[in-house]
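S.K.: Enclosed is the structure file structure.txt (compact mmCIF, C-alpha atoms and all ligand atoms).
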```txt
# COMPACT_ATOMS: atom_id res chain seq x y z
CA MET A 1 90.97 65.10 92.72
CA ASN A 2 91.55 68.32 90.79
CA GLY A 3 92.68 70.68 93.48
CA VAL A 4 92.83 74.47 93.62
CA ARG A 5 95.83 75.85 91.73
CA HIS A 6 95.88 79.44 93.00
CA LEU A 7 96.81 80.53 96.50
CA TYR A 8 96.52 84.03 98.01
CA VAL A 9 98.24 84.80 101.32
CA HIS A 10 97.29 88.01 103.14
CA LEU A 11 99.96 89.76 105.21
CA PRO A 12 98.14 92.72 106.76
CA PHE A 13 100.94 94.59 108.53
CA CYS A 14 101.80 98.17 107.49
CA SER A 15 104.06 100.73 109.14
CA HIS A 16 101.27 103.30 108.81
CA ARG A 17 97.81 103.50 107.29
CA CYS A 18 97.42 105.53 104.09
CA GLY A 19 94.24 107.62 104.27
CA TYR A 20 92.62 106.23 101.09
CA CYS A 21 93.13 102.54 101.87
CA ASP A 22 90.38 100.24 103.12
CA PHE A 23 92.22 96.94 102.78
CA VAL A 24 92.47 94.72 105.84
CA THR A 25 95.58 96.17 107.48
CA VAL A 26 97.15 96.22 110.94
CA VAL A 27 99.51 99.06 111.81
CA GLY A 28 102.78 98.11 113.54
CA ARG A 29 102.36 95.10 115.86
CA THR A 30 105.85 93.93 114.92
CA GLY A 31 105.72 91.63 117.96
CA ASP A 32 102.96 89.63 116.22
CA HIS A 33 104.69 89.06 112.87
CA ASP A 34 106.27 85.75 113.78
CA ARG A 35 103.11 84.39 115.38
CA TYR A 36 101.19 85.44 112.31
CA VAL A 37 103.56 83.42 110.10
CA ASP A 38 102.95 80.42 112.39
CA ALA A 39 99.21 80.99 112.05
CA ILE A 40 99.34 81.28 108.25
CA LEU A 41 101.23 78.00 108.04
CA ALA A 42 98.77 76.38 110.45
CA GLU A 43 95.77 77.57 108.39
CA LEU A 44 97.47 76.36 105.22
CA ALA A 45 98.01 72.93 106.78
CA LEU A 46 94.29 72.80 107.67
CA GLU A 47 93.31 73.52 104.06
CA ARG A 48 96.16 71.70 102.32
CA GLU A 49 93.94 68.98 100.87
CA LEU A 50 92.03 71.59 98.85
CA LEU A 51 95.19 72.45 96.91
CA ALA A 52 96.48 70.66 93.82
CA ASP A 53 99.85 68.94 94.04
CA GLU A 54 101.26 71.61 91.77
CA LEU A 55 100.21 75.23 92.03
CA GLU A 56 100.16 77.69 89.16
CA THR A 57 100.32 80.84 91.26
CA VAL A 58 100.95 82.11 94.74
CA PHE A 59 100.23 85.78 95.51
CA VAL A 60 101.48 87.27 98.77
CA GLY A 61 99.60 90.55 99.21
CA GLY A 62 98.83 93.05 101.86
CA GLY A 63 99.09 95.14 103.73
CA THR A 64 102.79 95.46 103.20
CA PRO A 65 104.36 91.99 103.01
CA THR A 66 107.83 93.55 102.83
CA PHE A 67 107.26 95.38 106.13
CA MET A 68 107.51 92.01 107.86
CA GLY A 69 110.84 91.36 109.50
CA ALA A 70 113.81 90.10 107.54
CA ALA A 71 113.34 86.78 109.35
CA SER A 72 109.56 86.35 109.26
CA LEU A 73 108.95 86.96 105.56
CA PRO A 74 111.60 84.55 104.19
CA ARG A 75 110.54 81.92 106.72
CA LEU A 76 107.01 82.17 105.36
CA LEU A 77 108.02 82.26 101.69
CA GLU A 78 110.27 79.24 102.09
CA ALA A 79 107.44 77.25 103.64
CA LEU A 80 104.80 78.11 101.01
CA PRO A 81 104.18 75.65 98.17
CA ALA A 82 106.18 76.31 95.01
CA ALA A 83 104.40 77.71 91.95
CA ALA A 84 105.19 78.82 88.43
CA GLU A 85 104.40 82.43 89.42
CA VAL A 86 105.06 83.66 92.95
CA THR A 87 104.24 87.35 93.42
CA VAL A 88 105.01 89.51 96.44
CA GLU A 89 103.61 93.03 96.91
CA ALA A 90 106.23 95.50 98.06
CA ASN A 91 106.18 99.09 99.25
CA PRO A 92 109.11 100.95 97.66
CA GLU A 93 110.69 102.24 100.88
CA THR A 94 111.06 98.68 102.18
CA VAL A 95 112.95 97.27 99.18
CA THR A 96 116.69 97.19 99.90
CA PRO A 97 119.22 95.31 97.75
CA ALA A 98 119.44 92.73 100.55
CA LEU A 99 115.67 92.19 100.63
CA ALA A 100 115.49 91.98 96.82
CA ALA A 101 118.19 89.28 96.80
CA LEU A 102 116.45 87.45 99.59
CA LEU A 103 113.10 87.42 97.78
CA ARG A 104 114.82 86.04 94.71
CA ALA A 105 116.61 83.38 96.74
CA VAL A 106 113.36 82.04 98.22
CA GLY A 107 111.66 81.55 94.87
CA VAL A 108 109.71 84.78 94.30
CA THR A 109 109.33 85.31 90.53
CA ARG A 110 107.41 88.59 90.40
CA VAL A 111 107.31 91.73 92.55
CA SER A 112 104.51 94.28 92.47
CA VAL A 113 105.75 97.69 93.67
CA GLY A 114 103.24 100.27 94.92
CA ALA A 115 104.53 103.48 93.34
CA GLN A 116 101.12 105.27 93.10
CA SER A 117 102.62 108.57 91.87
CA PHE A 118 105.98 110.25 91.21
CA GLU A 119 104.83 113.71 92.32
CA PRO A 120 105.81 114.49 95.94
CA ARG A 121 102.82 116.84 96.41
CA LEU A 122 100.41 114.07 95.37
CA LEU A 123 102.22 111.43 97.42
CA ARG A 124 101.61 113.70 100.42
CA VAL A 125 97.88 113.85 99.60
CA LEU A 126 97.88 110.03 99.56
CA GLU A 127 99.91 110.01 102.81
CA ARG A 128 102.51 107.76 101.22
CA ILE A 129 105.86 107.23 102.88
CA ALA A 130 107.83 106.43 99.71
CA GLN A 131 109.24 109.26 97.61
CA PRO A 132 109.82 108.97 93.83
CA ASP A 133 113.49 108.10 94.36
CA ASP A 134 112.48 105.23 96.66
CA VAL A 135 110.45 103.77 93.78
CA ARG A 136 113.42 104.08 91.43
CA ARG A 137 115.81 102.56 93.97
CA ALA A 138 113.39 99.67 94.57
CA VAL A 139 113.11 98.87 90.86
CA TYR A 140 116.91 99.06 90.37
CA ALA A 141 117.48 96.79 93.38
CA LEU A 142 114.97 94.26 92.03
CA ARG A 143 116.55 94.31 88.57
CA ASP A 144 120.00 93.89 90.14
CA ALA A 145 118.62 90.86 91.96
CA THR A 146 117.68 89.50 88.47
CA PHE A 147 113.91 89.95 88.72
CA ASP A 148 112.58 89.88 85.16
CA ASN A 149 108.93 90.43 86.06
CA ILE A 150 108.36 93.70 87.93
CA SER A 151 105.00 95.44 88.15
CA LEU A 152 104.28 99.03 89.20
CA ASP A 153 100.98 100.24 90.68
CA LEU A 154 99.88 103.77 89.82
CA ILE A 155 96.83 105.68 91.02
CA TYR A 156 95.24 108.50 89.00
CA GLY A 157 92.52 110.96 89.93
CA ILE A 158 94.36 112.07 93.07
CA PRO A 159 92.85 115.36 94.33
CA GLY A 160 94.91 118.18 92.82
CA GLN A 161 96.35 116.02 90.03
CA SER A 162 96.33 117.94 86.74
CA ALA A 163 96.41 116.32 83.31
CA ALA A 164 100.08 117.42 83.10
CA ASP A 165 100.80 115.69 86.45
CA LEU A 166 99.35 112.48 85.03
CA GLU A 167 101.54 112.74 81.92
CA ARG A 168 104.62 113.18 84.13
CA ASP A 169 103.64 110.16 86.25
CA LEU A 170 103.27 108.00 83.15
CA THR A 171 106.58 109.25 81.75
CA ALA A 172 108.35 108.51 85.04
CA ALA A 173 106.80 105.04 85.28
CA LEU A 174 107.65 104.17 81.67
CA ALA A 175 111.25 105.33 82.18
CA LEU A 176 111.66 102.44 84.64
CA GLU A 177 110.60 99.96 81.93
CA PRO A 178 108.34 97.87 84.17
CA ASP A 179 107.15 94.55 82.73
CA HIS A 180 103.65 95.19 84.01
CA LEU A 181 101.63 98.20 85.16
CA SER A 182 98.39 98.44 87.12
CA CYS A 183 96.74 101.88 86.87
CA TYR A 184 93.78 102.41 89.15
CA GLU A 185 91.40 105.33 89.35
CA LEU A 186 91.43 106.50 92.97
CA GLU A 187 88.31 105.19 94.66
CA ALA A 188 86.71 106.98 97.58
CA LYS A 189 86.28 104.03 99.93
CA PRO A 190 83.39 104.57 102.36
CA GLY A 191 84.44 105.31 105.90
CA THR A 192 88.06 106.21 105.15
CA ARG A 193 89.69 109.41 106.44
CA PHE A 194 90.43 110.27 102.85
CA THR A 195 86.80 110.11 101.71
CA HIS A 196 85.82 112.30 104.65
CA THR A 197 88.35 114.96 103.56
CA PHE A 198 88.26 114.68 99.76
CA GLY A 199 84.95 112.91 98.93
CA ASN A 200 83.31 116.06 97.50
CA GLU A 201 86.37 116.88 95.43
CA LEU A 202 86.43 113.36 93.97
CA THR A 203 82.75 113.71 93.02
CA ARG A 204 83.46 117.09 91.36
CA GLN A 205 86.32 115.71 89.28
CA ALA A 206 84.51 112.47 88.28
CA ASP A 207 83.74 113.68 84.73
CA ALA A 208 87.40 114.40 84.00
CA MET A 209 88.33 110.81 84.89
CA GLU A 210 87.14 109.34 81.62
CA GLY A 211 89.70 111.51 79.84
CA TYR A 212 92.42 110.49 82.32
CA PHE A 213 91.63 106.81 81.77
CA GLU A 214 91.81 107.26 77.99
CA ARG A 215 95.15 109.04 78.35
CA VAL A 216 96.54 106.20 80.50
CA VAL A 217 95.52 103.63 77.89
CA GLU A 218 96.81 105.76 75.01
CA ARG A 219 100.20 106.45 76.56
CA LEU A 220 100.83 102.87 77.63
CA THR A 221 99.65 101.23 74.41
CA ASP A 222 101.68 103.75 72.39
CA ALA A 223 104.68 102.65 74.44
CA GLY A 224 104.03 99.05 73.32
CA TYR A 225 102.17 97.73 76.37
CA ARG A 226 99.23 95.37 75.97
CA TRP A 227 96.01 96.67 77.56
CA TYR A 228 94.97 93.20 78.64
CA GLU A 229 92.57 94.11 81.45
CA THR A 230 90.68 97.30 82.24
CA ALA A 231 93.35 98.57 84.65
CA ASN A 232 96.29 96.33 83.70
CA PHE A 233 98.98 96.50 81.08
CA CYS A 234 101.95 94.35 80.25
CA ARG A 235 104.96 94.41 78.03
CA PRO A 236 104.80 91.89 75.21
CA GLY A 237 107.35 89.11 75.52
CA ALA A 238 107.83 86.04 77.63
CA PRO A 239 109.72 85.61 80.87
CA LEU A 240 111.31 82.20 81.12
CA GLY A 241 108.76 79.42 81.50
CA ALA A 242 105.66 81.64 81.34
CA ASP A 243 103.30 82.54 78.52
CA ASP A 244 103.64 86.28 78.85
CA PHE A 245 103.82 89.13 81.37
CA ARG A 246 100.14 89.15 82.32
CA SER A 247 99.51 88.51 86.01
CA ARG A 248 98.69 84.81 85.97
CA HIS A 249 97.24 85.04 89.46
CA ASN A 250 94.83 87.85 88.66
CA LEU A 251 93.94 86.18 85.36
CA ALA A 252 92.75 83.23 87.43
CA TYR A 253 90.26 85.54 89.21
CA TRP A 254 89.15 87.11 85.93
CA HIS A 255 88.71 83.65 84.38
CA GLY A 256 86.53 82.58 87.31
CA ARG A 257 88.90 79.88 88.58
CA ASP A 258 88.84 78.58 92.14
CA TYR A 259 91.36 80.05 94.61
CA LEU A 260 92.26 79.59 98.25
CA GLY A 261 92.89 82.66 100.44
CA ILE A 262 94.78 82.37 103.72
CA GLY A 263 95.12 85.00 106.45
CA ILE A 264 92.86 87.63 108.02
CA GLY A 265 90.25 89.04 105.67
CA ALA A 266 91.27 86.60 102.90
CA VAL A 267 88.57 85.34 100.54
CA SER A 268 88.39 81.83 99.03
CA THR A 269 86.19 80.46 96.27
CA VAL A 270 86.26 76.68 96.05
CA GLY A 271 83.75 74.33 94.47
CA GLY A 272 80.79 76.70 94.50
CA GLU A 273 81.42 77.98 98.01
CA ARG A 274 82.91 81.31 98.99
CA TRP A 275 84.22 82.17 102.43
CA ARG A 276 85.95 85.17 103.92
CA ASN A 277 88.06 85.04 107.05
CA ARG A 278 87.03 87.72 109.51
CA PRO A 279 89.46 90.62 109.76
CA SER A 280 90.27 90.43 113.48
CA LEU A 281 93.94 89.61 114.12
CA PRO A 282 93.59 88.45 117.77
CA ARG A 283 90.70 86.12 116.92
CA TYR A 284 92.53 84.74 113.91
CA LEU A 285 95.66 84.03 115.94
CA SER A 286 93.86 82.44 118.86
CA ALA A 287 91.72 80.18 116.64
CA VAL A 288 94.34 79.02 114.19
CA LEU A 289 97.15 78.58 116.72
CA THR A 290 94.95 76.22 118.72
CA GLY A 291 94.21 74.08 115.65
CA ALA A 292 90.78 75.51 114.74
CA ARG A 293 89.65 77.17 111.51
CA PRO A 294 89.54 80.97 111.78
CA PRO A 295 86.18 82.70 112.23
CA ARG A 296 84.72 83.20 108.76
CA GLU A 297 81.58 83.97 106.81
CA SER A 298 80.64 81.63 104.03
CA GLU A 299 78.02 81.43 101.34
CA ARG A 300 76.98 78.91 98.72
CA LEU A 301 77.29 80.49 95.28
CA LEU A 302 74.33 79.90 93.00
CA ALA A 303 75.27 78.96 89.43
CA ILE A 304 73.65 82.16 88.19
CA VAL A 305 75.81 84.27 90.52
CA ARG A 306 78.97 82.61 89.18
CA GLU A 307 77.83 83.17 85.62
CA ARG A 308 77.22 86.85 86.23
CA GLU A 309 80.64 87.17 87.83
CA ARG A 310 82.13 85.38 84.85
CA VAL A 311 80.62 88.00 82.51
CA MET A 312 81.55 90.96 84.71
CA LEU A 313 85.15 89.82 85.16
CA GLY A 314 85.67 88.18 81.77
CA LEU A 315 84.64 91.26 79.81
CA ARG A 316 87.37 93.27 81.53
CA LEU A 317 89.88 91.30 79.46
CA ASP A 318 91.04 91.92 75.91
CA GLU A 319 90.31 88.31 74.98
CA PRO A 320 86.84 87.10 73.98
CA LEU A 321 84.62 85.38 76.53
CA ALA A 322 83.16 81.95 75.61
CA VAL A 323 79.40 82.46 75.78
CA ASP A 324 78.33 78.81 76.11
CA SER A 325 78.69 78.83 79.87
CA VAL A 326 77.02 82.22 80.44
CA GLN A 327 74.04 82.02 78.03
CA SER A 328 71.35 82.39 80.67
CA THR A 329 72.72 85.68 82.04
CA LEU A 330 72.90 87.55 78.73
CA ASP A 331 70.21 89.96 77.60
CA ARG A 332 70.09 89.23 73.84
CA ASP A 333 68.24 92.49 72.99
CA ALA A 334 70.79 94.54 74.91
CA LEU A 335 73.58 92.66 73.17
CA ARG A 336 72.19 93.50 69.72
CA ARG A 337 71.76 97.14 70.75
CA LEU A 338 75.34 97.36 72.09
CA GLU A 339 76.69 95.70 68.95
CA GLY A 340 74.81 98.27 66.87
CA LEU A 341 76.43 101.03 68.93
CA GLY A 342 79.88 99.53 68.34
CA LEU A 343 80.42 98.74 72.04
CA ALA A 344 80.34 94.92 71.91
CA ARG A 345 81.06 92.28 69.32
CA THR A 346 80.15 88.63 69.06
CA GLY A 347 81.90 85.75 67.30
CA ALA A 348 80.51 82.28 66.57
CA SER A 349 80.53 81.42 70.27
CA THR A 350 82.28 84.36 71.88
CA LEU A 351 81.59 87.84 73.18
CA ALA A 352 83.96 90.77 73.75
CA LEU A 353 83.75 94.51 74.28
CA THR A 354 85.19 96.73 71.59
CA GLU A 355 87.80 99.31 72.58
CA ARG A 356 85.05 101.93 73.05
CA GLY A 357 83.07 99.41 75.07
CA ARG A 358 86.06 98.75 77.30
CA PHE A 359 86.41 102.46 78.06
CA LEU A 360 82.82 102.50 79.30
CA GLY A 361 83.50 99.19 81.06
CA ASP A 362 81.13 98.18 83.83
CA ALA A 363 78.28 100.35 82.50
CA VAL A 364 78.22 98.31 79.26
CA THR A 365 78.57 95.01 81.08
CA ALA A 366 75.67 95.90 83.40
CA GLU A 367 73.42 96.41 80.33
CA LEU A 368 74.38 93.01 79.00
CA LEU A 369 73.28 91.17 82.11
CA ALA A 370 69.70 89.95 81.92
C1 LIG B 401 96.43 95.97 98.47
S1 LIG B 401 97.18 97.46 98.00
C2 LIG B 401 98.66 97.03 98.79
C3 LIG B 401 99.93 97.46 98.17
C4 LIG B 401 100.96 98.11 99.02
N1 LIG B 401 100.76 98.02 100.42
C5 LIG B 401 101.06 99.57 98.66
O1 LIG B 401 100.49 100.39 99.38
O2 LIG B 401 101.69 99.86 97.66
C6 LIG B 401 97.34 97.18 96.27
C7 LIG B 401 97.06 98.38 95.40
O3 LIG B 401 95.71 98.77 95.47
C8 LIG B 401 95.62 100.13 95.03
N2 LIG B 401 94.67 100.84 95.88
C9 LIG B 401 94.56 100.77 97.22
N3 LIG B 401 93.55 101.57 97.65
C10 LIG B 401 93.02 102.15 96.55
C11 LIG B 401 91.95 103.09 96.33
N4 LIG B 401 91.24 103.60 97.34
N5 LIG B 401 91.68 103.45 95.04
C12 LIG B 401 92.39 102.95 94.02
N6 LIG B 401 93.41 102.08 94.17
C13 LIG B 401 93.71 101.68 95.42
C14 LIG B 401 97.02 100.73 95.11
O4 LIG B 401 97.50 101.02 93.82
C15 LIG B 401 97.83 99.61 95.75
O5 LIG B 401 99.13 99.57 95.24
S1 LIG B 402 97.90 101.44 100.71
FE1 LIG B 402 99.35 99.80 101.14
S2 LIG B 402 100.78 100.71 102.67
FE2 LIG B 402 99.02 102.01 102.60
S3 LIG B 402 97.73 101.25 104.30
FE3 LIG B 402 97.01 100.24 102.39
S4 LIG B 402 98.08 98.35 102.29
FE4 LIG B 402 99.17 99.63 103.81
```
Produce structure tokens that represent the structure in this file.
M.R.:
Amino acid sequence: MNGVRHLYVHLPFCSHRCGYCDFVTVVGRTGDHDRYVDAILAELALERELLADELETVFVGGGTPTFMGAASLPRLLEALPAAAEVTVEANPETVTPALAALLRAVGVTRVSVGAQSFEPRLLRVLERIAQPDDVRRAVYALRDATFDNISLDLIYGIPGQSAADLERDLTAALALEPDHLSCYELEAKPGTRFTHTFGNELTRQADAMEGYFERVVERLTDAGYRWYETANFCRPGAPLGADDFRSRHNLAYWHGRDYLGIGIGAVSTVGGERWRNRPSLPRYLSAVLTGARPPRESERLLAIVRERERVMLGLRLDEPLAVDSVQSTLDRDALRRLEGLGLARTGASTLALTERGRFLGDAVTAELLA
């Protein structure tokens, strides 16, 4: 059987909750870290037959995976299946030289560091713990531990962030020569403390964000990075044994591949079915540690839903999308109109957005969907 080749593991623990974040997180609870590792491994054993013998990618995300104790995290990483790309998300203040060496020793190939900004005033607005020097120290420690695939996350559109602040953030990030960069526009997630405080300000500044996005793309492509996905950039070149510095795990999502997600709140898409583990830690632990599947919601995905997702995700990439498999979702009149406007282009059997189309992004894609 062709099994799933992409595995996501969710480690929800954080030392504190940043106001803008609506990911499934659990603050503190250090006493539960070890039991959670046991539960992750138990859930993985329950689903093992879904996985291929050889995995392409494993992504350990959070939460703050590197907030887990120096014993729990390596124990988990050592027990996970091997893969060509193994990514761990790390918060800068948690990355010591010892942790970096440890991650390397247990087979991690890629570390994604959440920098967000290099401006202390803006880091305070985001309620981040790490200071700019923590980000620098983390990257140096990872390089010293011989990591040759380091990604930095940046956020732009932070309330109070001027165009000059953004330029300084990009300069500071580029100075660290990351292999990969993810640059996200700050989203006001419903129900967060942050949206309550700054929601109106984010609405007021929305128009300026198009210019910020263009500046991000311009600065990073001028510096030689490939704008390979709407919010993602990578240095050209090839780390040993891989095609390039694109995130192979995230590419799997954007290409519409199947993936298995383990842990609270994790989502899986396998063989036309999608399920999401419920976010409750106590319920997850008590179910999985007694041999049962965790409480989850699942849905059967109609072919048309998958096709629409394929278009929405595929057109975020800088490579053309094969149209054969998505014919029935495309509005041919809209496509001709968008081609005429220079926002989309078609090949013999492919479709892509032009650079202008990519700046407008989801709005163009929405028009294309019948
Ligand atoms: C799942 S988070 C976890 C990463 C890690 N715990 C950290 O805080 O750096 C992954 C990334 O999502 C982005 N992110 C989280 N909330 C966001 C929001 N409201 N708007 C835009 N980006 C967000 C941040 O850049 C973050 O690094
Ligand atoms: S942004 Fe990262 S560190 Fe902050 S609460 Fe979310 S997952 Fe935790």
S.K.: Enter the distance from atom CA of A:Ala303 to atom CA of A:Ala348, in Å, rounded to one decimal.
M.R.: 23.7 Å
S.K.: Give the residues close to ligand LIG 401 (chain B), within 6 Å, counting all atoms listed in the file; write them as an NGL selection string.
M.R.: :A and (20-21 or 62-64 or 89-91 or 114 or 116 or 153-155 or 184-189)
S.K.: Give me the residues within 12 Å of A:Asp179 as a ChimeraX atom specification, counting only C-alpha atoms and dropping any in the same chain fewer than 6 places off.
M.R.: /A:110-113,139,143,147-153,173,220,223-226,232-239,244-247
S.K.: With C-alpha atoms retained, write the just-selected residues as a compact mmCIF listing (two decimals), in the coordinates of the input.
M.R.:
```txt
# COMPACT_ATOMS: atom_id res chain seq x y z
CA ARG A 110 107.41 88.59 90.40
CA VAL A 111 107.31 91.73 92.55
CA SER A 112 104.51 94.28 92.47
CA VAL A 113 105.75 97.69 93.67
CA VAL A 139 113.11 98.87 90.86
CA ARG A 143 116.55 94.31 88.57
CA PHE A 147 113.91 89.95 88.72
CA ASP A 148 112.58 89.88 85.16
CA ASN A 149 108.93 90.43 86.06
CA ILE A 150 108.36 93.70 87.93
CA SER A 151 105.00 95.44 88.15
CA LEU A 152 104.28 99.03 89.20
CA ASP A 153 100.98 100.24 90.68
CA ALA A 173 106.80 105.04 85.28
CA LEU A 220 100.83 102.87 77.63
CA ALA A 223 104.68 102.65 74.44
CA GLY A 224 104.03 99.05 73.32
CA TYR A 225 102.17 97.73 76.37
CA ARG A 226 99.23 95.37 75.97
CA ASN A 232 96.29 96.33 83.70
CA PHE A 233 98.98 96.50 81.08
CA CYS A 234 101.95 94.35 80.25
CA ARG A 235 104.96 94.41 78.03
CA PRO A 236 104.80 91.89 75.21
CA GLY A 237 107.35 89.11 75.52
CA ALA A 238 107.83 86.04 77.63
CA PRO A 239 109.72 85.61 80.87
CA ASP A 244 103.64 86.28 78.85
CA PHE A 245 103.82 89.13 81.37
CA ARG A 246 100.14 89.15 82.32
CA SER A 247 99.51 88.51 86.01
```
S.K.: Output as CSV one row per residue of chain A within 10 Å of ligand LIG 402 (chain B): the closest atom pair and its distance in Å to one decimal place, counting all atoms listed in the file, sorted by chain and residue number ascending.
M.R.:
```
residue,atom,partner,partner_atom,distance
A:Leu11,CA,B:LIG402,S4,9.3
A:Pro12,CA,B:LIG402,S4,7.2
A:Phe13,CA,B:LIG402,FE4,7.1
A:Cys14,CA,B:LIG402,FE4,4.8
A:Ser15,CA,B:LIG402,S2,7.3
A:His16,CA,B:LIG402,S3,6.1
A:Arg17,CA,B:LIG402,S3,3.7
A:Cys18,CA,B:LIG402,FE2,4.1
A:Gly19,CA,B:LIG402,S3,7.3
A:Tyr20,CA,B:LIG402,S1,7.1
A:Cys21,CA,B:LIG402,FE3,4.5
A:Asp22,CA,B:LIG402,FE3,6.7
A:Phe23,CA,B:LIG402,FE3,5.8
A:Val24,CA,B:LIG402,S4,7.6
A:Thr25,CA,B:LIG402,S4,6.2
A:Val26,CA,B:LIG402,FE4,8.2
A:Val27,CA,B:LIG402,S3,8.0
A:Gly61,CA,B:LIG402,S4,8.5
A:Gly62,CA,B:LIG402,S4,5.4
A:Gly63,CA,B:LIG402,S4,3.7
A:Thr64,CA,B:LIG402,FE4,5.6
A:Pro65,CA,B:LIG402,S4,9.0
A:Phe67,CA,B:LIG402,S2,9.1
A:Glu89,CA,B:LIG402,FE1,9.0
A:Ala90,CA,B:LIG402,FE1,8.7
A:Asn91,CA,B:LIG402,S2,6.6
A:Pro92,CA,B:LIG402,S2,9.7
A:Gly114,CA,B:LIG402,FE1,7.4
A:Gln116,CA,B:LIG402,S1,9.1
A:Leu126,CA,B:LIG402,FE2,8.7
A:Glu127,CA,B:LIG402,FE2,8.1
A:Arg128,CA,B:LIG402,FE2,6.9
A:Ile129,CA,B:LIG402,S2,8.3
A:Ala130,CA,B:LIG402,S2,9.5
```
S.K.: Quick check, in Å to one decimal: how far apart do atom CA of A:Asp222 and atom CA of A:Val311 lie?
M.R.: 28.2 Å
